[in-house]
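J.: Provided below: upload_24.txt, containing compact mmCIF, C-alpha atoms (C1' of nucleotides).
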```
# COMPACT_ATOMS: atom_id res chain seq x y z
CA MET A 1 139.76 64.20 109.93
CA TYR A 2 136.35 62.67 110.57
CA SER A 3 134.93 59.18 110.63
CA ALA A 4 134.74 57.73 107.17
CA ARG A 5 131.08 57.06 107.80
CA MET A 6 130.30 60.73 108.04
CA SER A 7 128.74 62.18 104.91
CA THR A 8 130.39 65.03 103.11
CA PRO A 9 127.77 67.61 104.12
CA GLU A 10 128.14 66.45 107.71
CA ARG A 11 131.90 66.80 107.60
CA LEU A 12 131.55 70.25 106.10
CA ILE A 13 129.18 71.38 108.81
CA GLU A 14 131.30 69.97 111.60
CA SER A 15 134.41 71.54 110.15
CA THR A 16 132.68 74.87 109.90
CA ARG A 17 131.60 74.61 113.51
CA GLU A 18 135.17 73.99 114.60
CA LEU A 19 136.60 76.83 112.57
CA LEU A 20 133.85 79.25 113.52
CA TRP A 21 134.58 78.53 117.14
CA GLU A 22 138.31 78.89 116.68
CA ARG A 23 138.56 81.78 114.25
CA GLY A 24 135.12 83.33 113.92
CA TYR A 25 133.17 83.94 110.74
CA VAL A 26 135.42 86.59 109.28
CA GLY A 27 138.49 84.50 109.97
CA THR A 28 137.12 81.34 108.39
CA SER A 29 137.56 80.81 104.65
CA PRO A 30 135.79 78.31 102.44
CA LYS A 31 139.14 76.85 101.53
CA ALA A 32 140.03 76.26 105.17
CA ILE A 33 136.69 74.54 105.69
CA GLN A 34 137.19 72.29 102.70
CA GLN A 35 140.65 71.27 103.78
CA HIS A 36 139.51 70.61 107.34
CA ALA A 37 136.63 68.53 106.02
CA GLY A 38 138.69 66.76 103.40
CA ALA A 39 136.24 67.87 100.75
CA GLY A 40 136.84 69.48 97.41
CA GLN A 41 135.80 72.89 96.21
CA GLY A 42 133.02 71.60 94.00
CA SER A 43 131.78 69.34 96.71
CA MET A 44 131.18 72.18 99.09
CA TYR A 45 129.37 74.31 96.55
CA HIS A 46 127.27 71.37 95.51
CA HIS A 47 125.87 70.90 99.01
CA PHE A 48 125.78 74.50 100.14
CA ALA A 49 125.07 77.78 98.42
CA GLY A 50 128.20 79.38 99.83
CA LYS A 51 129.94 80.42 103.00
CA PRO A 52 126.94 82.14 104.63
CA ASP A 53 124.69 79.16 103.94
CA LEU A 54 127.15 76.72 105.42
CA ALA A 55 127.80 78.97 108.37
CA LEU A 56 124.08 79.18 109.05
CA ALA A 57 123.83 75.40 109.24
CA ALA A 58 126.84 75.29 111.53
CA ILE A 59 125.64 78.06 113.81
CA ARG A 60 122.20 76.51 114.13
CA ARG A 61 123.65 73.21 115.18
CA THR A 62 126.04 74.80 117.65
CA ALA A 63 123.23 76.84 119.14
CA GLU A 64 121.07 73.78 119.52
CA GLU A 65 123.88 71.88 121.17
CA MET A 66 124.55 74.65 123.62
CA ARG A 67 120.93 74.74 124.58
CA ALA A 68 120.82 71.01 125.15
CA THR A 69 123.98 71.12 127.24
CA ALA A 70 122.58 73.87 129.42
CA GLU A 71 119.21 72.19 129.77
CA ALA A 72 120.89 68.99 130.91
CA VAL A 73 122.14 70.85 133.97
CA LEU A 74 119.36 73.35 134.50
CA GLY A 75 116.66 70.72 134.20
CA GLY A 76 118.18 68.69 137.02
CA SER A 77 116.90 68.44 140.53
CA GLY A 78 117.85 70.45 143.57
CA SER A 79 117.16 73.91 144.87
CA ALA A 80 117.16 76.90 142.54
CA TYR A 81 120.53 77.95 143.87
CA ALA A 82 121.90 74.44 143.41
CA ARG A 83 120.84 74.30 139.80
CA VAL A 84 122.30 77.70 139.02
CA GLU A 85 125.50 76.71 140.76
CA ALA A 86 125.64 73.47 138.83
CA TYR A 87 125.27 75.41 135.61
CA LEU A 88 128.02 77.84 136.53
CA LEU A 89 130.41 75.15 137.72
CA ARG A 90 129.86 72.71 134.91
CA GLU A 91 132.95 71.78 132.96
CA ARG A 92 133.76 74.00 130.05
CA ASP A 93 136.43 74.36 127.45
CA VAL A 94 137.04 77.77 128.94
CA LEU A 95 139.96 78.95 126.82
CA ARG A 96 138.07 78.27 123.61
CA GLY A 97 135.35 80.65 124.67
CA CYS A 98 131.63 80.29 124.03
CA PRO A 99 130.97 79.08 120.48
CA VAL A 100 127.74 81.04 120.41
CA GLY A 101 128.68 84.14 122.35
CA ARG A 102 131.85 84.77 120.37
CA LEU A 103 129.80 85.20 117.20
CA THR A 104 128.46 88.32 118.76
CA MET A 105 131.78 90.03 118.09
CA ASP A 106 131.74 89.00 114.46
CA PRO A 107 130.66 92.01 112.40
CA ASP A 108 129.36 89.93 109.50
CA VAL A 109 127.29 87.73 111.79
CA ILE A 110 125.78 90.68 113.59
CA ALA A 111 125.08 92.39 110.28
CA SER A 112 123.05 89.43 109.03
CA ASP A 113 119.62 88.88 110.54
CA GLU A 114 119.71 85.25 109.51
CA LEU A 115 123.08 84.49 111.04
CA ARG A 116 122.39 86.46 114.19
CA ALA A 117 118.99 84.91 114.86
CA PRO A 118 120.21 81.61 116.35
CA VAL A 119 122.64 83.51 118.56
CA THR A 120 119.95 85.82 119.89
CA ALA A 121 117.52 82.97 120.36
CA THR A 122 119.98 80.86 122.31
CA LEU A 123 121.15 83.57 124.64
CA ASP A 124 117.59 84.75 125.18
CA TRP A 125 116.48 81.22 125.94
CA LEU A 126 119.27 80.74 128.44
CA ARG A 127 118.48 83.95 130.26
CA ASP A 128 114.79 83.14 130.38
CA ARG A 129 115.46 79.61 131.56
CA LEU A 130 117.62 80.92 134.38
CA ALA A 131 115.07 83.60 135.18
CA GLY A 132 112.40 80.92 135.55
CA ILE A 133 114.54 78.98 137.98
CA LEU A 134 115.31 82.08 139.99
CA GLN A 135 111.63 82.97 140.06
CA GLU A 136 110.90 79.57 141.56
CA GLY A 137 113.54 80.29 144.16
CA VAL A 138 111.94 83.59 145.05
CA ASP A 139 108.46 82.09 145.13
CA GLN A 140 109.55 79.37 147.49
CA GLY A 141 111.32 81.79 149.79
CA GLU A 142 114.75 80.48 148.89
CA PHE A 143 115.84 83.88 147.62
CA ALA A 144 115.08 87.33 149.00
CA PRO A 145 112.23 89.10 147.16
CA ALA A 146 114.64 91.89 146.29
CA LEU A 147 116.17 89.57 143.73
CA ASP A 148 114.83 90.39 140.27
CA PRO A 149 114.84 87.05 138.44
CA ARG A 150 115.24 88.45 134.98
CA GLU A 151 118.00 90.91 135.78
CA THR A 152 119.81 88.40 137.91
CA ALA A 153 119.62 85.90 135.08
CA SER A 154 121.13 88.51 132.78
CA ALA A 155 123.96 89.02 135.25
CA ILE A 156 124.59 85.28 135.39
CA VAL A 157 124.75 84.87 131.62
CA ALA A 158 126.92 87.97 131.36
CA THR A 159 129.32 86.69 133.98
CA VAL A 160 129.79 83.48 132.05
CA GLN A 161 130.29 85.26 128.76
CA GLY A 162 132.64 87.75 130.35
CA GLY A 163 134.41 84.97 132.20
CA TYR A 164 135.50 83.62 128.85
CA VAL A 165 136.89 87.02 127.97
CA LEU A 166 138.93 87.17 131.17
CA ALA A 167 140.18 83.64 130.71
CA ARG A 168 141.32 84.24 127.15
CA SER A 169 142.86 87.55 128.13
CA SER A 170 145.01 85.97 130.80
CA ALA A 171 145.38 82.68 128.97
CA THR A 172 144.25 80.75 132.02
CA PRO A 173 140.92 79.13 132.88
CA THR A 174 141.22 80.22 136.51
CA ALA A 175 140.15 83.74 135.56
CA PHE A 176 136.81 82.29 134.52
CA ASP A 177 136.51 80.37 137.78
CA ALA A 178 137.25 83.46 139.84
CA ALA A 179 134.43 85.40 138.22
CA VAL A 180 132.00 82.55 138.72
CA ARG A 181 132.95 82.08 142.34
CA GLY A 182 132.60 85.79 142.91
CA LEU A 183 129.10 85.72 141.48
CA LEU A 184 128.11 82.66 143.49
CA VAL A 185 129.10 84.34 146.74
CA LEU A 186 126.94 87.31 145.84
CA LEU A 187 124.08 85.02 144.92
CA ARG A 188 124.35 83.21 148.23
CA GLY A 189 124.03 86.59 149.86
CA MET A 190 120.49 86.82 148.48
CA THR A 191 119.61 83.50 149.95
CA THR A 192 117.17 83.76 152.86
CA GLY A 193 118.94 83.70 156.16
CA CYS A 194 121.13 86.36 154.69
CA GLY A 195 122.05 87.68 158.09
CA ALA A 196 123.35 84.24 159.00
CA PRO A 197 126.81 83.09 157.99
CA VAL A 198 126.61 83.55 154.30
CA ASP A 199 129.07 80.75 153.62
CA ALA A 200 126.58 77.94 154.02
CA PRO A 201 125.17 77.38 150.55
CA ALA A 202 122.07 75.43 149.69
CA ALA A 203 123.51 71.95 149.19
CA THR A 204 123.51 69.13 146.62
CA THR A 205 125.32 68.92 143.29
CA SER A 206 128.23 70.84 141.85
CA SER A 207 129.64 69.86 138.48
CA ASN A 208 128.51 68.45 135.16
CA MET B 1 138.18 111.93 107.72
CA TYR B 2 140.38 113.56 110.35
CA SER B 3 141.54 117.05 111.15
CA ALA B 4 143.99 118.29 108.57
CA ARG B 5 146.36 119.05 111.41
CA MET B 6 146.67 115.39 112.31
CA SER B 7 149.84 113.77 111.06
CA THR B 8 149.71 110.77 108.80
CA PRO B 9 150.92 108.31 111.45
CA GLU B 10 148.31 109.71 113.81
CA ARG B 11 145.56 109.27 111.27
CA LEU B 12 146.71 105.75 110.59
CA ILE B 13 146.67 104.84 114.26
CA GLU B 14 143.26 106.40 114.84
CA SER B 15 141.84 104.67 111.80
CA THR B 16 143.21 101.37 112.96
CA ARG B 17 141.63 101.86 116.36
CA GLU B 18 138.27 102.49 114.76
CA LEU B 19 138.45 99.49 112.49
CA LEU B 20 139.83 97.18 115.15
CA TRP B 21 136.89 98.11 117.33
CA GLU B 22 134.40 97.65 114.55
CA ARG B 23 135.74 94.59 112.74
CA GLY B 24 138.50 93.11 114.85
CA TYR B 25 142.05 92.35 113.81
CA VAL B 26 141.26 89.57 111.37
CA GLY B 27 138.56 91.64 109.73
CA THR B 28 140.70 94.72 109.28
CA SER B 29 142.85 94.99 106.17
CA PRO B 30 145.72 97.39 105.53
CA LYS B 31 143.84 98.73 102.55
CA ALA B 32 140.81 99.54 104.65
CA ILE B 33 143.00 101.33 107.15
CA GLN B 34 144.67 103.38 104.43
CA GLN B 35 141.38 104.41 102.90
CA HIS B 36 139.90 105.32 106.26
CA ALA B 37 143.00 107.37 107.07
CA GLY B 38 143.23 108.93 103.64
CA ALA B 39 146.79 107.69 103.33
CA GLY B 40 148.50 105.83 100.53
CA GLN B 41 149.97 102.36 100.54
CA GLY B 42 153.56 103.55 100.63
CA SER B 43 152.76 106.03 103.34
CA MET B 44 151.57 103.38 105.70
CA TYR B 45 154.53 101.09 105.13
CA HIS B 46 156.88 104.00 105.54
CA HIS B 47 155.65 104.73 109.06
CA PHE B 48 154.84 101.21 110.19
CA ALA B 49 156.42 97.85 109.58
CA GLY B 50 153.09 96.28 108.66
CA LYS B 51 149.66 95.43 109.97
CA PRO B 52 150.80 93.89 113.27
CA ASP B 53 153.02 96.86 114.05
CA LEU B 54 150.27 99.34 113.39
CA ALA B 55 147.78 97.27 115.30
CA LEU B 56 150.10 97.19 118.28
CA ALA B 57 150.27 100.97 118.37
CA ALA B 58 146.49 101.17 118.07
CA ILE B 59 145.82 98.57 120.74
CA ARG B 60 148.23 100.20 123.17
CA ARG B 61 146.53 103.52 122.79
CA THR B 62 143.06 102.05 123.15
CA ALA B 63 144.13 100.17 126.24
CA GLU B 64 145.57 103.29 127.78
CA GLU B 65 142.42 105.22 127.03
CA MET B 66 140.21 102.58 128.59
CA ARG B 67 142.31 102.63 131.70
CA ALA B 68 142.10 106.40 131.98
CA THR B 69 138.34 106.34 131.47
CA ALA B 70 137.88 103.77 134.19
CA GLU B 71 140.21 105.55 136.58
CA ALA B 72 138.28 108.78 136.13
CA VAL B 73 135.28 107.08 137.70
CA LEU B 74 136.96 104.67 140.09
CA GLY B 75 139.23 107.34 141.50
CA GLY B 76 136.26 109.50 142.47
CA SER B 77 134.93 109.98 145.95
CA GLY B 78 132.16 108.15 147.72
CA SER B 79 131.74 104.77 149.34
CA ALA B 80 133.21 101.65 147.78
CA TYR B 81 129.76 100.61 146.60
CA ALA B 82 129.12 104.05 145.15
CA ARG B 83 132.31 103.99 143.13
CA VAL B 84 131.66 100.53 141.78
CA GLU B 85 128.13 101.55 140.92
CA ALA B 86 129.38 104.67 139.19
CA TYR B 87 131.73 102.54 137.14
CA LEU B 88 129.03 100.12 136.15
CA LEU B 89 126.51 102.81 135.30
CA ARG B 90 128.83 105.07 133.40
CA GLU B 91 127.82 105.85 129.86
CA ARG B 92 129.08 103.43 127.25
CA ASP B 93 128.78 102.86 123.57
CA VAL B 94 127.26 99.52 124.49
CA LEU B 95 126.45 98.17 121.06
CA ARG B 96 129.99 98.68 119.85
CA GLY B 97 131.29 96.44 122.59
CA CYS B 98 134.50 96.84 124.54
CA PRO B 99 137.36 97.84 122.25
CA VAL B 100 139.80 95.96 124.46
CA GLY B 101 137.74 92.95 125.47
CA ARG B 102 136.66 92.14 121.93
CA LEU B 103 140.28 91.57 120.95
CA THR B 104 140.17 88.57 123.18
CA MET B 105 138.09 86.77 120.57
CA ASP B 106 140.55 87.56 117.83
CA PRO B 107 142.64 84.46 117.19
CA ASP B 108 145.57 86.37 115.75
CA VAL B 109 145.68 88.76 118.70
CA ILE B 110 145.55 85.96 121.24
CA ALA B 111 148.23 84.06 119.33
CA SER B 112 150.64 86.99 119.56
CA ASP B 113 152.21 87.70 122.93
CA GLU B 114 152.92 91.25 121.89
CA LEU B 115 149.40 92.04 120.75
CA ARG B 116 147.79 90.28 123.67
CA ALA B 117 149.95 91.95 126.33
CA PRO B 118 148.12 95.31 126.43
CA VAL B 119 144.79 93.49 126.60
CA THR B 120 145.87 91.33 129.50
CA ALA B 121 147.46 94.26 131.31
CA THR B 122 144.36 96.42 131.00
CA LEU B 123 141.87 93.83 132.14
CA ASP B 124 144.16 92.77 134.98
CA TRP B 125 144.59 96.36 136.06
CA LEU B 126 140.84 96.94 136.04
CA ARG B 127 140.17 93.85 138.12
CA ASP B 128 142.88 94.75 140.60
CA ARG B 129 141.67 98.33 140.85
CA LEU B 130 138.16 97.14 141.61
CA ALA B 131 139.48 94.57 144.05
CA GLY B 132 141.29 97.33 145.94
CA ILE B 133 138.13 99.36 146.22
CA LEU B 134 136.15 96.37 147.40
CA GLN B 135 138.85 95.56 149.93
CA GLU B 136 138.48 99.07 151.33
CA GLY B 137 134.76 98.45 151.57
CA VAL B 138 135.30 95.25 153.49
CA ASP B 139 137.90 96.82 155.76
CA GLN B 140 135.58 99.64 156.64
CA GLY B 141 132.69 97.34 157.33
CA GLU B 142 130.73 98.52 154.33
CA PHE B 143 130.67 95.00 152.85
CA ALA B 144 130.25 91.68 154.59
CA PRO B 145 133.54 89.86 155.19
CA ALA B 146 132.25 86.96 153.11
CA LEU B 147 132.86 89.10 150.05
CA ASP B 148 136.13 88.13 148.41
CA PRO B 149 137.41 91.34 146.84
CA ARG B 150 139.38 89.72 144.07
CA GLU B 151 136.72 87.26 142.99
CA THR B 152 134.01 89.85 143.23
CA ALA B 153 136.07 92.18 141.09
CA SER B 154 136.41 89.40 138.53
CA ALA B 155 132.65 88.97 138.53
CA ILE B 156 132.17 92.69 137.99
CA VAL B 157 134.54 92.88 135.06
CA ALA B 158 133.03 89.73 133.61
CA THR B 159 129.52 91.11 133.91
CA VAL B 160 130.52 94.19 131.96
CA GLN B 161 132.28 92.18 129.26
CA GLY B 162 129.40 89.75 129.06
CA GLY B 163 126.92 92.59 129.10
CA TYR B 164 128.34 93.72 125.79
CA VAL B 165 127.79 90.23 124.42
CA LEU B 166 124.15 90.24 125.48
CA ALA B 167 123.60 93.71 124.09
CA ARG B 168 125.09 92.86 120.71
CA SER B 169 123.21 89.59 120.63
CA SER B 170 119.86 91.29 121.11
CA ALA B 171 120.88 94.45 119.30
CA THR B 172 119.76 96.57 122.22
CA PRO B 173 121.71 98.32 124.97
CA THR B 174 119.07 97.46 127.56
CA ALA B 175 120.40 93.91 127.75
CA PHE B 176 123.64 95.35 129.09
CA ASP B 177 121.77 97.46 131.61
CA ALA B 178 119.77 94.50 132.86
CA ALA B 179 122.91 92.53 133.62
CA VAL B 180 124.47 95.46 135.42
CA ARG B 181 121.38 96.12 137.48
CA GLY B 182 121.18 92.45 138.37
CA LEU B 183 124.74 92.52 139.59
CA LEU B 184 124.23 95.71 141.59
CA VAL B 185 121.30 94.22 143.46
CA LEU B 186 123.46 91.24 144.39
CA LEU B 187 126.25 93.53 145.46
CA ARG B 188 123.90 95.54 147.64
CA GLY B 189 122.97 92.27 149.28
CA MET B 190 126.53 92.04 150.58
CA THR B 191 126.28 95.45 152.08
CA THR B 192 126.19 95.44 155.86
CA GLY B 193 122.68 95.64 157.19
CA CYS B 194 121.88 92.90 154.75
CA GLY B 195 118.87 91.79 156.70
CA ALA B 196 117.41 95.26 156.32
CA PRO B 197 115.50 96.32 153.21
CA VAL B 198 118.11 95.65 150.63
CA ASP B 199 116.81 98.36 148.32
CA ALA B 200 118.50 101.22 150.11
CA PRO B 201 121.90 101.51 148.48
CA ALA B 202 124.88 103.43 149.81
CA ALA B 203 124.28 106.91 148.37
CA THR B 204 126.08 109.59 146.32
CA THR B 205 126.94 109.53 142.63
CA SER B 206 125.57 107.44 139.80
CA SER B 207 126.77 108.10 136.26
CA ASN B 208 129.81 109.41 134.43
C1' DG C 1 157.41 111.12 103.06
C1' DT C 2 154.37 109.84 99.43
C1' DC C 3 153.03 107.65 95.14
C1' DT C 4 152.78 104.16 91.61
C1' DA C 5 154.00 99.75 89.99
C1' DT C 6 154.45 94.93 90.73
C1' DA C 7 154.04 90.43 93.13
C1' DT C 8 152.20 86.53 95.69
C1' DT C 9 148.80 84.25 98.07
C1' DA C 10 144.18 83.86 99.66
C1' DG C 11 139.05 84.68 99.46
C1' DG C 12 134.98 83.37 97.38
C1' DA C 13 132.82 81.60 93.76
C1' DT C 14 131.18 79.66 88.75
C1' DA C 15 131.54 76.25 84.80
C1' DG C 16 131.73 72.18 83.04
C1' DA C 17 133.98 67.59 82.69
C1' DC C 18 133.72 63.06 84.77
C1' DG D 1 128.34 64.06 93.83
C1' DT D 2 133.06 65.18 93.09
C1' DC D 3 136.95 67.11 90.59
C1' DT D 4 139.57 70.44 87.88
C1' DA D 5 139.85 74.70 85.54
C1' DT D 6 139.11 79.34 85.55
C1' DC D 7 137.74 84.01 87.25
C1' DC D 8 137.96 88.23 89.74
C1' DT D 9 138.88 90.76 93.84
C1' DA D 10 141.16 91.43 98.17
C1' DA D 11 145.06 90.82 101.45
C1' DT D 12 149.59 92.00 102.45
C1' DA D 13 153.36 93.35 101.15
C1' DT D 14 158.11 95.02 98.37
C1' DA D 15 160.59 98.12 94.97
C1' DG D 16 161.73 102.08 93.26
C1' DA D 17 160.45 106.62 91.21
C1' DC D 18 159.36 111.33 92.64
```
Can you dump the structure from the file as structure tokens?

T.:
Amino acid sequence: MYSARMSTPERLIESTRELLWERGYVGTSPKAIQQHAGAGQGSMYHHFAGKPDLALAAIRRTAEEMRATAEAVLGGSGSAYARVEAYLLRERDVLRGCPVGRLTMDPDVIASDELRAPVTATLDWLRDRLAGILQEGVDQGEFAPALDPRETASAIVATVQGGYVLARSSATPTAFDAAVRGLLVLLRGMTTGCGAPVDAPAATTSSN
Amino acid sequence: MYSARMSTPERLIESTRELLWERGYVGTSPKAIQQHAGAGQGSMYHHFAGKPDLALAAIRRTAEEMRATAEAVLGGSGSAYARVEAYLLRERDVLRGCPVGRLTMDPDVIASDELRAPVTATLDWLRDRLAGILQEGVDQGEFAPALDPRETASAIVATVQGGYVLARSSATPTAFDAAVRGLLVLLRGMTTGCGAPVDAPAATTSSN
DNA sequence: GTCTATATTAGGATAGAC
DNA sequence: GTCTATCCTAATATAGAC
């Protein structure tokens, strides 16, 4: 299932990431991981203490990846609005949901401080990163001062996370897109020159 | 665990609703349901065909309840903005998440057309209900014409669903509130008289 | 309607051979 | 490091007595 060059621990972690994304922590069994990784029982318990230990490694990696993916877009150039838009419009595997956010609905993950920590850290980082960008926008007069950077950032992250919910509910990615477009229109409304035709956004990029 | 007057099927359904909310479909076993309901093995299988059958009854009821709760606020009086605000600010058991939306992350629920149907119907209804209210607001000049009722409604529902994610991630309800407040500020920005101090909302109600 | 077997597979892991 | 054997409990029922 994986390149022959990949070590057994690597294959186990990658398999766990896949299954955690697809079925969550509660729905993922050690046996399923082993089969997906093409590793034996003993092999798994040799490299990892057990399911929670392996899940922790998987979650940490997934969290790190999500952060890097977001930073790749958010760290780009362009106006504050443009960068936020680029983040919201970037390509996503919408129907699979957010591999980090979905863990939030996993009772065993939430119950464990260790397993929850990377989730909290990642979502917090994302919100703060967005808040920083929005703050820049306010400082430079791009956004109206009424815009609270931190709360707006929360709304943006929430819209994305909730967009996944809507998409999976209706089994179509367009539900996600609708929510994002709705938010972007509102955000453009806070752009200075708000009395002017609100349909003229900032400019520049779009996808990633 | 329940009133002695409650019938066994009733207790089973209510128990299933609780557990589905708390642990999801995958994380809820028939045995756990029976124990929570104070019913025996045979009792459960006498009244229901099995776990999926019981879950369907539970999900349908939860969906219906959510709809009624939302309608109680959305059907109130006041401006379009006021009703949307009342919906967003209504009291919620934030840290428990949305009993309907969370099912969306349950692989077995999503894989079953029957189990998914009530989820889809409820979220679709909510979005459409909000879209209707927003449309009224646009028609009556309360909101700028640039506001797309349907997409804005999607963004609202998504913010709520995602707000639960943020709250559970950080283990505090305030994360939900931040997202909602962020969205409300943006929504007020689409209110006519947008050039004016944006901090003066429509009026009337607030919670429910 | 409810209860008590009984059954099968999976979950989650340990022990020890190779 | 990996494999096989073994263990115990839970998951998800079915069968049949009461």

J.: Could you check the closest approach to chain C for each of A:Lys51, A:Arg116, A:Arg188, A:His46 and tell me which residue wins, using only C-alpha atoms (C1' of nucleotides)?

T.: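 Using only C-alpha atoms (C1' of nucleotides), the shortest distance to chain C belongs to A:Lys51.
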
J.: With all C-alpha atoms matched in order and chain A superposed on chain B by least squares, what's the RMSD to one decimal?

T.: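 After superposition, the RMSD is 0.1 Å.
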
J.: Report as a tab-separated table the residues of chain B within 7 Å of chain A, each with its shortest atom pair and distance in Å (one decimal), using only C-alpha atoms, ordered by chain and increasing residue number.

T.:
```
residue	atom	partner	partner_atom	distance
B:Arg23	CA	A:Pro107	CA	5.7
B:Val26	CA	A:Gly27	CA	5.9
B:Gly27	CA	A:Val26	CA	6.0
B:Gly101	CA	A:Val165	CA	6.5
B:Arg102	CA	A:Met105	CA	6.6
B:Thr104	CA	A:Ser169	CA	5.7
B:Met105	CA	A:Arg102	CA	6.6
B:Pro107	CA	A:Arg23	CA	5.7
B:Val119	CA	A:Ser169	CA	6.4
B:Thr120	CA	A:Ser169	CA	5.0
B:Ala146	CA	A:Val198	CA	6.7
B:Leu147	CA	A:Val185	CA	6.9
B:Asp148	CA	A:Gly182	CA	6.9
B:Glu151	CA	A:Gly182	CA	4.4
B:Thr152	CA	A:Gly182	CA	4.3
B:Ser154	CA	A:Ala179	CA	4.5
B:Ala155	CA	A:Ala179	CA	4.0
B:Ala158	CA	A:Gly162	CA	3.8
B:Thr159	CA	A:Thr159	CA	4.4
B:Val160	CA	A:Gly162	CA	7.0
B:Gln161	CA	A:Gly162	CA	4.6
B:Gly162	CA	A:Ala158	CA	3.8
B:Gly163	CA	A:Ala158	CA	5.1
B:Val165	CA	A:Thr104	CA	6.0
B:Leu166	CA	A:Ala158	CA	6.9
B:Arg168	CA	A:Thr104	CA	6.0
B:Ser169	CA	A:Thr120	CA	5.0
B:Ser170	CA	A:Thr120	CA	5.6
B:Ala178	CA	A:Glu151	CA	5.0
B:Ala179	CA	A:Ala155	CA	4.0
B:Val180	CA	A:Ala155	CA	6.5
B:Arg181	CA	A:Glu151	CA	6.4
B:Gly182	CA	A:Thr152	CA	4.3
B:Leu183	CA	A:Ala155	CA	5.6
B:Val185	CA	A:Leu147	CA	6.9
B:Leu186	CA	A:Leu186	CA	5.4
B:Leu187	CA	A:Leu186	CA	6.3
B:Gly189	CA	A:Gly189	CA	5.8
B:Met190	CA	A:Gly189	CA	6.0
B:Cys194	CA	A:Gly195	CA	6.2
B:Gly195	CA	A:Gly195	CA	5.4
B:Val198	CA	A:Ala146	CA	6.7
```

J.: Could you write out as a list in words the residues of chain C within 12 Å of chain B, counting only C-alpha atoms (C1' of nucleotides)?

T.: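 Listing them in order of chain and number gives DG1, DT2, DC3, DT4 and DA5 of chain C.
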
J.: Tell me as a PyMOL selection string which residues belonging to chain B come within 9 Å of chain D, counting only C-alpha atoms (C1' of nucleotides).

T.: chain B and resi 29-31+45+50-51

J.: What does the distance from atom CA of Tyr87 of chain B to atom CA of Glu71 of chain B come to in Å, to one decimal?

T.: 9.0 Å

J.: Work out how far apart atom CA of Arg92 of chain B and atom CA of Ala55 of chain B are and give it in Å to one decimal.

T.: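 Those two atoms sit 23.0 Å apart.
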
J.: For atom CA of Ala70 of chain A and atom CA of Ala82 of chain A, quote the distance in Å rounded to one decimal.

T.: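 Atom CA of Ala70 of chain A sits 14.0 Å away from atom CA of Ala82 of chain A.
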
J.: Fewer than 5 positions away in the same chain doesn't count, so skip those; otherwise give me all residues within 9 Å of Ala32 of chain B, counting only C-alpha atoms (C1' of nucleotides), as a list in words.

T.: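 After dropping sequence-adjacent residues, the list is Ser15, Thr16, Leu19 and Ala37 of chain B.
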
J.: Rank nothing, just name the residue among A:Met6, A:Val138, A:Ile13, A:Ala131 nearest to Leu74 of chain A, using all atoms listed in the file.

T.: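 The answer is A:Ala131, which sits nearest to Leu74 of chain A.
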
J.: Around segment 7-13 of chain C, with edges along x, y and z and 6 Å added on all six sides, what centre and edge lengths do you get, in Å to one decimal, as AutoDock Vina command-line options?

T.:
```
--center_x 143.4 --center_y 86.0 --center_z 96.4 --size_x 33.2 --size_y 20.8 --size_z 18.5
```
